[in-house]
Structures are given as C-alpha cells and as structure tokens.
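The structure appears right after this line, and notes come after that.
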Amino acid sequence: MKETNGKFLPIEIAVLNRACCKSVHYDLIFLLDASSSVGIDDFQKVRQWVVDLVGSFEIGPDKTRVGVVRYSTQPMTEFELGTYDTAEEVKEAAKKIRYHGGNTNTGDALRYITMHSFSAEAGGRPSDPSVKKVAILLTDGRSQDHVLEPATVAHEAGIKIFAVGVGEALKEELDEIASEPKSAYAFHVSDYDAIDKIRGQLRRRLCESE
C-alpha cells in the first residue's frame with residue numbers, strides 16, 4: 001500500500017474503511033419514520049438513503065443481515081432480518097418500502113424492535129455474541145409518546161442505536177434514543193435533502209462500532 005509522507009492516500013483510507021466495515025457482521029434494523037410529517041416525496045429520499053447505506057455491508061446469511069421497520073401510529077415490519085440473503089435483494093426491497101402516514105410514536109417503535117425484530121423468530125442471531133445488534137432510527141419530528149424508557153431497555157438488550165433527526169426533530173429526544181457516546185450516535189440534519197451528506201460519517205461510525 002502506498003504512502004505519502006507517511007500517510008495513506010484518501011482513496012486507500014476509503015478502501016480500508018470499507019474492508020473494516022465488511023469484516024464486522026451485524027443484525028441491522030432500519031427504523032424509519034413514515035408519519036404524515038414526512039410526506040411521500042421525502043420518503044422516496046429515505047428509500048434511496050437505505051439503498052445506499054446497504055452497499056456498505058457484506059450481506060449474507062452468515063454475514064450482515066438487514067431488516068426494515070417503518071412506523072407512524074404503530075410499527076410495521078417491511079421485511080425481517082432473515083428475509084433476504086444478498087445485497088441486491090435488500091436494495092430492491094428497500095426501493096419498495098411503503099409510506100403510510102399517521103402519528104409519530106417513536107417509543108412504541110423502539111419497544112417493537114427490541115421485543116421482536118432482533119429475535120431468532122425474525123431472523124436475528126441473539127445467541128451469537130460475534131454479531132452486533134444495531135438499529136438506525138430516522139425521524140423528522142417530536143415523538144408523540146415517551147422514548148427514554150424504551151430506548152433504555154433497547155440499550156440494556158445490547159442494541160446500539162444511531163438516532164438521525166431531520167428538521168424539527170428534537171436534539172434532546174435524539175440524545176435520549178441514541179447509544180453512548182451521544183456525539184457518535186446522534187445526528188441532526190436540516191432536511192431530507194441533507195441526509196445523504198451524513199451517509200459517509202454514519203457509515204464510518206457503524207464500521208467503528210465493534
């Protein structure tokens with residue numbers, strides 16, 4: 001590997017980051033706000049964001065598994081961790097995530113993924129300590145129920161939560177949801193056009209969260 005003045009070139013660092021990311025296996029759940037405040041146009045940007053992030057991981061039954069839960073008034077599974085075996089299958093399914101509308105019950109959604117989405121019945125690998133349990137929450141508004149207690153239960157269950165807030169999402173609430181340290185697990189952007197700008201940063205944090 002080439003170095004310049006003792007430092008790796010940026011392109012080589014990017015390759016190293018991808019290799020690191022693909023060497024760690026996850027049960028990864030995307031928890032997506034599909035409430036009325038999001039809107040169908042912005043939800044299409046959310047779909048593409050998921051597609052792009054999935055490309056950071058080596059997907060497979062014995063590698064990283066990906067599931068998607070959308071929520072508004074209540075959470076709904078789009079597909080389970082054990083549903084798809086390849087990155088292309090996951091990407092195609094992500095392009096078809098349904099938008100629903102409704103309220104923003106983030107606490108209920110957190111409770112749902114803790115109790116259900118990472119279970120063996122849903123395709124999770126809770127008995128394998130080498131597999132990291134990670135949730136990426138994306139929301140654009142204040143939750144209409146409490147988030148601290150269900151987030152705490154999720155953390156105690158070994159789930160690392162990245163909380164990504166858009167627009168009017170409250171920093172205090174994102175901090176209640178996110179794992180420690182908050183500076184590494186909580187993000188905020190101005191609008192849905194900006195979520196792609198943090199994709200690289202989020203990917204790096206995911207790859208470092210071993």
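By order in the structure tokens, chains are A, B, ...; within a chain, residues start at 1; ligands start at 1, following the order shown.
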
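Excluding Asp27 of chain A and any residue on its chain fewer than 4 positions from it, the residues at most 6 Å away by only C-alpha atoms are Thr64, Arg65 and Lys133 of chain A.
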
Could you please take those selected residues and save C-alpha atoms as a compact mmCIF listing (two decimals), in the first residue's frame?
```
# COMPACT_ATOMS: atom_id res chain seq x y z
CA THR A 64 -24.72 -8.92 7.85
CA ARG A 65 -28.50 -9.31 7.81
CA LYS A 133 -27.17 -5.68 17.05
```

Give me, as a PyMOL selection string, the residues of segment 12-174 of chain A that a backbone DSSP run labels strand (DSSP E or B). chain A and resi 26-33+59+64-71+75-79+132-139+159-166

Write the residues of the selection above to a file with N, CA and C atoms, as a compact mmCIF listing (two decimals), in the first residue's frame.
```txt
# COMPACT_ATOMS: atom_id res chain seq x y z
N TYR A 26 -23.36 -7.75 11.30
CA TYR A 26 -24.41 -7.11 12.07
C TYR A 26 -25.76 -7.77 11.82
N ASP A 27 -26.62 -7.68 12.81
CA ASP A 27 -28.07 -7.74 12.61
C ASP A 27 -28.50 -6.28 12.63
N LEU A 28 -28.83 -5.75 11.47
CA LEU A 28 -29.05 -4.31 11.29
C LEU A 28 -30.50 -4.02 10.94
N ILE A 29 -31.15 -3.23 11.79
CA ILE A 29 -32.54 -2.82 11.55
C ILE A 29 -32.59 -1.33 11.24
N PHE A 30 -33.20 -0.99 10.12
CA PHE A 30 -33.54 0.40 9.83
C PHE A 30 -34.93 0.66 10.38
N LEU A 31 -35.05 1.66 11.26
CA LEU A 31 -36.32 2.02 11.87
C LEU A 31 -36.71 3.39 11.32
N LEU A 32 -37.69 3.42 10.43
CA LEU A 32 -37.96 4.59 9.60
C LEU A 32 -39.31 5.25 9.92
N ASP A 33 -39.25 6.53 10.23
CA ASP A 33 -40.45 7.34 10.46
C ASP A 33 -41.20 7.48 9.14
N ILE A 59 -23.54 -8.46 2.76
CA ILE A 59 -24.82 -9.04 3.14
C ILE A 59 -24.83 -10.54 2.88
N THR A 64 -23.77 -9.90 7.33
CA THR A 64 -24.72 -8.92 7.85
C THR A 64 -26.12 -9.19 7.31
N ARG A 65 -27.08 -9.18 8.20
CA ARG A 65 -28.50 -9.31 7.81
C ARG A 65 -29.17 -7.96 8.03
N VAL A 66 -30.09 -7.62 7.15
CA VAL A 66 -30.76 -6.31 7.21
C VAL A 66 -32.27 -6.50 7.25
N GLY A 67 -32.92 -5.75 8.14
CA GLY A 67 -34.37 -5.70 8.19
C GLY A 67 -34.83 -4.26 8.23
N VAL A 68 -36.08 -4.03 7.87
CA VAL A 68 -36.65 -2.68 7.87
C VAL A 68 -37.98 -2.67 8.60
N VAL A 69 -38.12 -1.72 9.52
CA VAL A 69 -39.39 -1.47 10.21
C VAL A 69 -39.75 -0.02 9.96
N ARG A 70 -40.95 0.24 9.46
CA ARG A 70 -41.43 1.62 9.33
C ARG A 70 -42.46 1.84 10.44
N TYR A 71 -42.58 3.07 10.86
CA TYR A 71 -43.54 3.33 11.93
C TYR A 71 -44.20 4.68 11.76
N PRO A 75 -45.84 0.52 14.66
CA PRO A 75 -44.75 -0.02 13.83
C PRO A 75 -45.23 -1.16 12.95
N MET A 76 -44.61 -1.28 11.77
CA MET A 76 -44.91 -2.35 10.84
C MET A 76 -43.60 -2.85 10.23
N THR A 77 -43.42 -4.17 10.22
CA THR A 77 -42.23 -4.74 9.59
C THR A 77 -42.39 -4.74 8.08
N GLU A 78 -41.41 -4.18 7.38
CA GLU A 78 -41.38 -4.28 5.92
C GLU A 78 -40.74 -5.59 5.50
N PHE A 79 -39.59 -5.90 6.07
CA PHE A 79 -39.00 -7.22 5.90
C PHE A 79 -38.09 -7.53 7.08
N LYS A 132 -23.18 -8.10 15.97
CA LYS A 132 -23.56 -6.85 16.64
C LYS A 132 -25.00 -6.49 16.27
N LYS A 133 -25.78 -6.13 17.28
CA LYS A 133 -27.17 -5.68 17.05
C LYS A 133 -27.19 -4.16 16.94
N VAL A 134 -27.61 -3.67 15.77
CA VAL A 134 -27.60 -2.23 15.51
C VAL A 134 -28.93 -1.80 14.91
N ALA A 135 -29.45 -0.66 15.39
CA ALA A 135 -30.63 -0.04 14.80
C ALA A 135 -30.28 1.37 14.35
N ILE A 136 -30.75 1.73 13.16
CA ILE A 136 -30.60 3.09 12.65
C ILE A 136 -32.00 3.70 12.57
N LEU A 137 -32.25 4.65 13.46
CA LEU A 137 -33.55 5.33 13.51
C LEU A 137 -33.48 6.64 12.74
N LEU A 138 -34.45 6.85 11.87
CA LEU A 138 -34.54 8.11 11.13
C LEU A 138 -35.91 8.72 11.37
N THR A 139 -35.95 9.95 11.91
CA THR A 139 -37.22 10.60 12.23
C THR A 139 -37.14 12.10 11.96
N ILE A 159 -28.53 -3.48 22.10
CA ILE A 159 -28.77 -2.88 20.79
C ILE A 159 -28.12 -1.50 20.74
N LYS A 160 -27.22 -1.30 19.79
CA LYS A 160 -26.63 0.01 19.55
C LYS A 160 -27.58 0.79 18.64
N ILE A 161 -27.95 2.01 19.07
CA ILE A 161 -28.91 2.79 18.30
C ILE A 161 -28.28 4.07 17.79
N PHE A 162 -28.33 4.24 16.47
CA PHE A 162 -27.98 5.50 15.84
C PHE A 162 -29.28 6.27 15.63
N ALA A 163 -29.36 7.48 16.15
CA ALA A 163 -30.56 8.30 16.04
C ALA A 163 -30.27 9.46 15.07
N VAL A 164 -30.99 9.48 13.95
CA VAL A 164 -30.80 10.51 12.93
C VAL A 164 -32.07 11.36 12.89
N GLY A 165 -31.93 12.64 13.22
CA GLY A 165 -33.06 13.56 13.22
C GLY A 165 -33.01 14.51 12.04
N VAL A 166 -34.18 14.79 11.49
CA VAL A 166 -34.29 15.69 10.34
C VAL A 166 -35.21 16.86 10.72
```

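Among the candidate residues A:Lys171, A:Arg205, A:Lys91, A:His100, the one lying nearest to Val54 of chain A is A:Lys91, with distances computed using only C-alpha atoms.
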
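When only C-alpha atoms are used to measure the gap to Leu206 of chain A, the shortest distance among A:Val38, A:Leu81, A:Val153, A:Leu53 belongs to A:Leu53.
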
All residues 10 Å or closer to Gly39 of chain A, only C-alpha atoms, same chain fewer than 4 positions away omitted, as a PyMOL selection string: chain A and resi 34-35+43-44+99-101

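For the residues A:Asn105, A:Pro129, A:His146, A:Ser117, ranking by smallest atom-to-atom distance to Val24 of chain A using only C-alpha atoms places A:Pro129 first.
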
Going by DSSP on the backbone, which residues of segment 42-192 of chain A come out as helix (DSSP H, G or I)? List them as a ChimeraX atom specification. /A:42-54,87-94,106-117,120-122,148-156,171-177,182-185,192
